Amino acid sequence: MSDLSSTPPEGYDSEGFPVPTATQPDGEVVRDEMLKIYPPKTRKKREKQLLTNNPETPPEIGANTRTIPGIITQRGCTYAGCRGVVIGPIHDILHITHGPVGCSYYSWLTRRNLARPKPDQPINFLQYCMTTDMQEEDIVFGGEKKLAAAIREAYAMFKPKAIAVYSTCPVGLIGDDVHSVCKKAKEELGINIFGFSCEGYKGVSQSAGHHIANNGVFKHMVGLNDEPDKEKFRINVLGEYNIGGDAWEIDAVLKKCGIHVTATLSGDISYEQITKCHTADLNIVLCHRSINYMAEMMETKFGVPWIKGNFTGAEQTSKSLRKIGKYFGDQQLIDRIEEVIAQEMAVLKPVIADVKSRLQGKTAAMFVGGSRAHHYQHLFKDIGMLTVAAGYEFAHRDDYEGRKVLPSIKVDADSRNIEEIEVSADATRFKPRKTPEQVEALKAGGFSFKDYDGMMVEMKKSMLVIDDISHHEMEKLIETYKPDIICSGIKDKFVIEKYGVPCKQLHSYDYGGPYTAYTGAANFYKEIDRMINTKVWRLLTPLWKKPADAETAVGKGLDSPRNKATREIVSGMAKAWKPQKSTTAPDAEG
Ligand code: CFM
């Protein structure tokens with residue numbers, strides 16, 4: 001808490017974690033309670049994904065594996081990770097979904113990656129939703145002709161600089177070759193057109209889609225324009241998607257310091273910016289999960305180094321700014337950064353003090369995505385709140401345990417399904433940004449490149465870490481920990497609130513935000529204060545406080561007689577049912 005106070009602040013323990021006002025349950029006991037309901041096979045798998053934390057030696061967690069059928073997961077699909085998360089925010093290219101209309105419809109403006117037209121880039125296609133609207137006949141006879149026609153039609157209407165085509169599940173199942181359709185269309189129309197094999201089932205979650213998207217953006221866009229921006233101190237902000245305007249806050253604070261953003265990948269970004277992002281001198285990676293591939297590939301091919309940063313929370317923002325200053329090593333820049341931090345903190349400190357007076361000692365739990373469940377713990381820490389449980393939906397072990405475990409991660413069949421593209425140094429354009437001596441000097445001064453320690457090292461000992469949490473585990477968590485707020489998404493927001501616990505959506509921000517940098521941090525502190533301290537929660541009797549109803553699940557969760565009976569029927573059926581060997585010859589007609 002160095003930026004917030006020079007002496008160890010009141011209400012924090014010796015390791016700097018807020019001390020909760022209410023007595024907290026034993027994490028191991030809760031873990032057992034969560035696991036005991038599962039059949040042995042399921043339990044064996046969930047045991048690896050549900051741990052109590054040890055920041056000194058993070059335990060090995062089961063992550064990036066298939067969700068067990070029957071468990072209600074929060075995860076999304078590979079198509080969502082590719083089309084929706086990583087590439088969708090590029091606002092001046094056309095995004096065409098090749099597939100049934102539903103896949104396209106549900107990727108239409110559902111993620112709040114905002115963009116605004118600029119004087120030199122007035123085009124914004126994000127409001128449009130384009131699809132080939134595959135019908136049964138296309139599934140039977142193939143959809144390639146329909147896709148080619150859709151590309152021509154879209155081009156004639158909008159005349160974009162580029163078109164990206166995304167494959168949905170049926171496209172992979174019937175074997176439409178989107179890449180050759182795109183290649184032909186590119187030759188015919190003379191603009192950049194490329195496709196993605198990002199079928200929903202391709203990986204175990206949206207994480208596979210991030211990887212596929214990184215590969216495609218790198219192959220088809222990065223490096224097409226070698227003209228660097230004129231400004232000094234050029235960086236790219238990687239893994240920032242401008243949800244609720246987050247990227248604009250980061251841009252503004254960087255600009256104040258005199259740091260120029262060539263490209264933000266991919267929040268409010270234009271095609272032009274992506275094509276020249278390899279000319280920047282540093283990549284700062286915010287969401288490690290979704291974009292670490294791009295950072296690695298840009299370093300190998302063009303020599304742009306990458307560092308991990310975080311603009312979520314006041315202290316983290318200051319730390320990231322100082323790290324950028326140290327990297328460039330320019331005294332004027334370093335001084336300017338200190339001035340900006342001082343100015344911003346002068347405004348923020350009274351807000352923190354005010355909010356803290358009502359929130360110190362309260363607790364939070366968060367289950368979201370592959371990065372925010374870690375980063376947002378800092379914002380809560382700033383206002384005296386302890387994170388008692390956290391987990392990602394689809395992150396990999398390195399996002400929990402740190403990048404040092406990368407060599408020991410087992411590459412399973414599902415991961416092997418995703419292409420790893422071979423990248424080597426560009427013959428003419430590879431340019432190391434620092435000499436080996438400069439790199440050594442920076443490292444000697446405590447500077448670290450390509451580092452990410454993961455969530456566990458920054459989370460308090462014995463707190464619960466849960467990967468790909470199920471609704472049952474969420475219910476047990478509420479009953480046992482009774483956190484003052486839970487951060488999650490729309491899939492469980494109202495389940496949580498029916499238990500009388502406020503739920504802040506950390507994906508969409510519940511129409512709020514921005515929450516990054518200093519102004520964003522103030523927004524978040526005030527929002528959490530408002531949500532926790534609103535009187536409405538006192539008018540509600542949470543389910544876990546109601547007497548158990550013998551007939552319904554109310555008050556008894558999965559242990560209710562009705563649920564127990566259902567389980568017995570299902571497991572009885574499973575035991576009785578055995579796969580039958582076919583005794584008849586397969587039908588000649590198929
Ligand atoms: Fe990265 Fe994201 Fe996240 Fe993510 Fe997402 Fe998202 Fe997220 Mo929702 S890229 S991993 S795939 S920070 S859409 S902007 S909020 S799950 S924690």
# chains A, B, ... in the order shown; residues from 1 in each chain; ligands from 1

call {"tool": "closest_atom_pairs", "arguments": {"of": "chain A", "to": "ligand 1", "cutoff": "6 Å", "atoms": "only C-alpha atoms and all ligand atoms", "output": "Markdown table"}}
result
| residue | atom | partner | partner_atom_place_in_ligand_line | distance |
| --- | --- | --- | --- | --- |
| A:Gly81 | CA | ligand 1 | 11 (S) | 5.7 |
| A:Val85 | CA | ligand 1 | 13 (S) | 5.6 |
| A:Tyr241 | CA | ligand 1 | 14 (S) | 5.5 |
| A:Cys287 | CA | ligand 1 | 1 (Fe) | 4.6 |
| A:Arg289 | CA | ligand 1 | 10 (S) | 5.6 |
| A:Ser290 | CA | ligand 1 | 1 (Fe) | 5.1 |
| A:Val368 | CA | ligand 1 | 17 (S) | 5.1 |
| A:Gly369 | CA | ligand 1 | 16 (S) | 3.3 |
| A:Gly370 | CA | ligand 1 | 10 (S) | 3.7 |
| A:Ser371 | CA | ligand 1 | 17 (S) | 4.5 |
| A:Arg372 | CA | ligand 1 | 17 (S) | 4.2 |
| A:Leu506 | CA | ligand 1 | 15 (S) | 5.9 |
| A:His507 | CA | ligand 1 | 15 (S) | 3.5 |

call {"tool": "write_last_selection", "arguments": {"atoms": "all heavy atoms", "output": "tab-separated table (two decimals), in the first residue's frame"}}
result
chain	number	residue	atom	x	y	z
A	81	GLY	N	-14.46	-16.66	-27.89
A	81	GLY	CA	-13.13	-16.14	-27.54
A	81	GLY	C	-12.44	-15.49	-28.72
A	81	GLY	O	-11.69	-14.53	-28.57
A	85	VAL	N	-14.08	-11.83	-28.30
A	85	VAL	CA	-13.14	-11.21	-27.36
A	85	VAL	C	-11.98	-10.50	-28.06
A	85	VAL	O	-11.77	-9.32	-27.88
A	85	VAL	CB	-12.60	-12.25	-26.35
A	85	VAL	CG1	-11.52	-11.66	-25.47
A	85	VAL	CG2	-13.74	-12.79	-25.52
A	241	TYR	N	-9.51	-4.39	-23.76
A	241	TYR	CA	-10.57	-4.43	-24.77
A	241	TYR	C	-11.59	-3.30	-24.64
A	241	TYR	O	-12.66	-3.37	-25.21
A	241	TYR	CB	-11.22	-5.83	-24.74
A	241	TYR	CG	-10.17	-6.90	-24.98
A	241	TYR	CD1	-9.52	-7.53	-23.92
A	241	TYR	CD2	-9.77	-7.21	-26.27
A	241	TYR	CE1	-8.52	-8.47	-24.15
A	241	TYR	CE2	-8.76	-8.14	-26.51
A	241	TYR	CZ	-8.14	-8.77	-25.44
A	241	TYR	OH	-7.13	-9.67	-25.67
A	287	CYS	N	-4.11	-8.22	-19.93
A	287	CYS	CA	-4.72	-9.54	-19.75
A	287	CYS	C	-3.79	-10.58	-20.36
A	287	CYS	O	-3.77	-10.78	-21.58
A	287	CYS	CB	-6.10	-9.58	-20.42
A	287	CYS	SG	-6.72	-11.27	-20.53
A	289	ARG	N	-3.84	-13.81	-20.15
A	289	ARG	CA	-4.47	-15.00	-20.70
A	289	ARG	C	-4.81	-14.87	-22.19
A	289	ARG	O	-4.54	-15.76	-22.97
A	289	ARG	CB	-5.75	-15.33	-19.91
A	289	ARG	CG	-6.48	-16.57	-20.37
A	289	ARG	CD	-5.67	-17.85	-20.16
A	289	ARG	NE	-4.83	-18.23	-21.28
A	289	ARG	CZ	-3.56	-18.61	-21.18
A	289	ARG	NH1	-2.94	-18.63	-20.04
A	289	ARG	NH2	-2.86	-18.94	-22.23
A	290	SER	N	-5.42	-13.74	-22.54
A	290	SER	CA	-5.97	-13.64	-23.89
A	290	SER	C	-4.95	-13.26	-24.94
A	290	SER	O	-5.22	-13.40	-26.13
A	290	SER	CB	-7.12	-12.64	-23.91
A	290	SER	OG	-6.64	-11.35	-23.59
A	368	VAL	N	-14.37	-15.00	-12.47
A	368	VAL	CA	-14.53	-14.38	-13.78
A	368	VAL	C	-13.33	-14.66	-14.67
A	368	VAL	O	-12.19	-14.61	-14.22
A	368	VAL	CB	-14.80	-12.85	-13.64
A	368	VAL	CG1	-13.76	-12.20	-12.79
A	368	VAL	CG2	-14.89	-12.14	-14.96
A	369	GLY	N	-13.62	-15.00	-15.92
A	369	GLY	CA	-12.66	-15.03	-17.00
A	369	GLY	C	-11.30	-15.66	-16.77
A	369	GLY	O	-11.20	-16.76	-16.22
A	370	GLY	N	-10.28	-14.92	-17.19
A	370	GLY	CA	-8.92	-15.46	-17.10
A	370	GLY	C	-7.93	-14.43	-16.63
A	370	GLY	O	-6.72	-14.63	-16.70
A	371	SER	N	-8.45	-13.28	-16.13
A	371	SER	CA	-7.52	-12.27	-15.62
A	371	SER	C	-8.12	-11.38	-14.54
A	371	SER	O	-7.47	-11.05	-13.57
A	371	SER	CB	-6.99	-11.46	-16.82
A	371	SER	OG	-7.34	-10.13	-16.79
A	372	ARG	N	-9.38	-11.02	-14.69
A	372	ARG	CA	-9.96	-10.05	-13.75
A	372	ARG	C	-10.09	-10.59	-12.33
A	372	ARG	O	-10.05	-9.80	-11.38
A	372	ARG	CB	-11.31	-9.57	-14.26
A	372	ARG	CG	-11.15	-8.79	-15.52
A	372	ARG	CD	-12.40	-8.15	-15.98
A	372	ARG	NE	-12.05	-7.33	-17.14
A	372	ARG	CZ	-12.91	-6.70	-17.89
A	372	ARG	NH1	-14.19	-6.76	-17.62
A	372	ARG	NH2	-12.52	-5.98	-18.92
A	506	LEU	N	-18.41	-8.51	-13.44
A	506	LEU	CA	-17.07	-8.04	-13.81
A	506	LEU	C	-16.78	-8.20	-15.29
A	506	LEU	O	-15.71	-7.85	-15.75
A	506	LEU	CB	-16.00	-8.75	-12.99
A	506	LEU	CG	-15.59	-8.07	-11.69
A	506	LEU	CD1	-14.27	-8.58	-11.19
A	506	LEU	CD2	-15.57	-6.55	-11.79
A	507	HIS	N	-17.70	-8.77	-16.05
A	507	HIS	CA	-17.50	-8.82	-17.51
A	507	HIS	C	-18.02	-7.51	-18.11
A	507	HIS	O	-17.29	-6.75	-18.69
A	507	HIS	CB	-18.26	-9.99	-18.14
A	507	HIS	CG	-17.90	-11.32	-17.59
A	507	HIS	ND1	-17.01	-12.16	-18.22
A	507	HIS	CD2	-18.30	-11.97	-16.47
A	507	HIS	CE1	-16.89	-13.28	-17.51
A	507	HIS	NE2	-17.67	-13.18	-16.45

call {"tool": "residues_around", "arguments": {"residues": "A:Leu109", "least_positions_apart": "2", "cutoff": "12 Å", "atoms": "only C-alpha atoms", "output": "JSON, numbers by chain"}}
result
{"A": [83, 84, 85, 88, 89, 91, 104, 105, 106, 107, 111, 112, 113, 114, 115, 125, 126, 127, 128, 129, 130, 243, 508]}

call {"tool": "write_last_selection", "arguments": {"atoms": "C-alpha atoms", "output": "PDB file, in the first residue's frame"}}
result
ATOM      1  CA  ARG A  83     -14.817 -13.449 -32.686  1.00  0.00           C
ATOM      2  CA  GLY A  84     -16.144 -11.863 -29.549  1.00  0.00           C
ATOM      3  CA  VAL A  85     -13.136 -11.214 -27.361  1.00  0.00           C
ATOM      4  CA  GLY A  88     -14.493  -8.324 -32.447  1.00  0.00           C
ATOM      5  CA  PRO A  89     -13.409  -4.916 -31.054  1.00  0.00           C
ATOM      6  CA  HIS A  91     -14.118  -1.308 -35.366  1.00  0.00           C
ATOM      7  CA  SER A 104     -24.071 -14.218 -34.771  1.00  0.00           C
ATOM      8  CA  TYR A 105     -26.946 -12.718 -32.825  1.00  0.00           C
ATOM      9  CA  TYR A 106     -25.384 -13.605 -29.471  1.00  0.00           C
ATOM     10  CA  SER A 107     -22.113 -11.985 -30.470  1.00  0.00           C
ATOM     11  CA  ARG A 111     -19.673  -7.456 -24.850  1.00  0.00           C
ATOM     12  CA  ARG A 112     -19.233  -3.800 -24.017  1.00  0.00           C
ATOM     13  CA  ASN A 113     -16.056  -3.234 -26.064  1.00  0.00           C
ATOM     14  CA  LEU A 114     -16.717   0.401 -26.848  1.00  0.00           C
ATOM     15  CA  ALA A 115     -15.385   2.322 -29.832  1.00  0.00           C
ATOM     16  CA  PHE A 125     -18.935  -0.978 -38.040  1.00  0.00           C
ATOM     17  CA  LEU A 126     -19.425  -2.388 -34.540  1.00  0.00           C
ATOM     18  CA  GLN A 127     -23.172  -1.791 -34.541  1.00  0.00           C
ATOM     19  CA  TYR A 128     -23.598  -4.219 -37.420  1.00  0.00           C
ATOM     20  CA  CYS A 129     -24.126  -7.938 -37.080  1.00  0.00           C
ATOM     21  CA  MET A 130     -23.295 -10.012 -40.139  1.00  0.00           C
ATOM     22  CA  ILE A 243     -14.961  -2.628 -21.740  1.00  0.00           C
ATOM     23  CA  SER A 508     -19.973  -6.139 -18.560  1.00  0.00           C
TER      24      SER A 508
END

call {"tool": "closest_residue", "arguments": {"among": "A:Arg43, A:Lys323, A:Lys443, A:Arg358", "to": "A:Thr534", "atoms": "only C-alpha atoms"}}
result
A:Arg358

call {"tool": "residues_around", "arguments": {"residues": "A:Lys476", "least_positions_apart": "6", "cutoff": "8 Å", "atoms": "only C-alpha atoms", "output": "number ranges by chain"}}
result
A: 30, 33-34

call {"tool": "residues_around", "arguments": {"residues": "A:Gly11", "least_positions_apart": "2", "cutoff": "10 Å", "atoms": "only C-alpha atoms", "output": "list in words"}}
result
Pro8, Pro9, Asp13, Ser14, Gly16, Phe17, Pro18, Val19, Pro20, Thr21, Gln360, Gly361, Gly384 and Met385 of chain A

call {"tool": "atom_distance", "arguments": {"atom1": "atom CA of A:Val86", "atom2": "atom CA of A:Ser167"}}
result
14.8 Å

call {"tool": "select_by_dssp", "arguments": {"residues": "stretch 185-310 of chain A", "states": "strand (DSSP E)", "output": "list in words"}}
result
Asn192, Ile193, Phe194, Gly195, Phe196, Arg234, Ile235, Asn236, Val237, Leu238, Gly239, Glu240, His260, Val261, Thr262, Ala263, Thr264, Leu265, Ser266, Leu282, Asn283, Ile284, Val285, Trp306, Ile307 and Lys308 of chain A

call {"tool": "closest_residue", "arguments": {"among": "A:Ala365, A:Ile532, A:Leu265, A:Val411", "to": "A:Thr387", "atoms": "only C-alpha atoms"}}
result
A:Ala365

call {"tool": "closest_residue", "arguments": {"among": "A:Gly200, A:Pro40, A:Gly325, A:Gly143", "to": "A:Ile174", "atoms": "only C-alpha atoms"}}
result
A:Gly143

call {"tool": "residues_around", "arguments": {"residues": "A:Phe194", "least_positions_apart": "4", "cutoff": "7 Å", "atoms": "only C-alpha atoms", "output": "ChimeraX atom specification"}}
result
/A:163-165,179,182-183

call {"tool": "write_last_selection", "arguments": {"atoms": "C-alpha atoms", "output": "PDB file, in the first residue's frame"}}
result
ATOM      1  CA  ILE A 163     -13.181  -8.661 -43.718  1.00  0.00           C
ATOM      2  CA  ALA A 164     -12.792 -11.393 -41.127  1.00  0.00           C
ATOM      3  CA  VAL A 165     -14.831 -14.601 -41.324  1.00  0.00           C
ATOM      4  CA  HIS A 179      -9.898 -20.263 -45.819  1.00  0.00           C
ATOM      5  CA  CYS A 182     -11.545 -16.051 -48.168  1.00  0.00           C
ATOM      6  CA  LYS A 183      -8.456 -16.428 -50.347  1.00  0.00           C
TER       7      LYS A 183
END

call {"tool": "closest_residue", "arguments": {"among": "A:Asp426, A:Glu497, A:Glu296, A:Asp92", "to": "A:Lys159", "atoms": "only C-alpha atoms"}}
result
A:Asp92

call {"tool": "closest_residue", "arguments": {"among": "A:Tyr481, A:Trp306, A:Tyr452, A:Tyr155", "to": "A:Lys362", "atoms": "only C-alpha atoms"}}
result
A:Tyr481

call {"tool": "residues_around", "arguments": {"residues": "A:Lys319", "least_positions_apart": "4", "cutoff": "12 Å", "atoms": "only C-alpha atoms", "output": "NGL selection string"}}
result
:A and (1-3 or 308-315 or 323-326 or 337-338 or 341 or 447 or 517)

call {"tool": "closest_residue", "arguments": {"among": "A:Ile466, A:Ser318, A:Thr516, A:Lys493", "to": "A:Ala342", "atoms": "only C-alpha atoms"}}
result
A:Ser318

call {"tool": "residues_around", "arguments": {"residues": "A:Leu282", "least_positions_apart": "3", "cutoff": "7 Å", "atoms": "only C-alpha atoms", "output": "PyMOL selection string"}}
result
chain A and resi 234-236+304-306
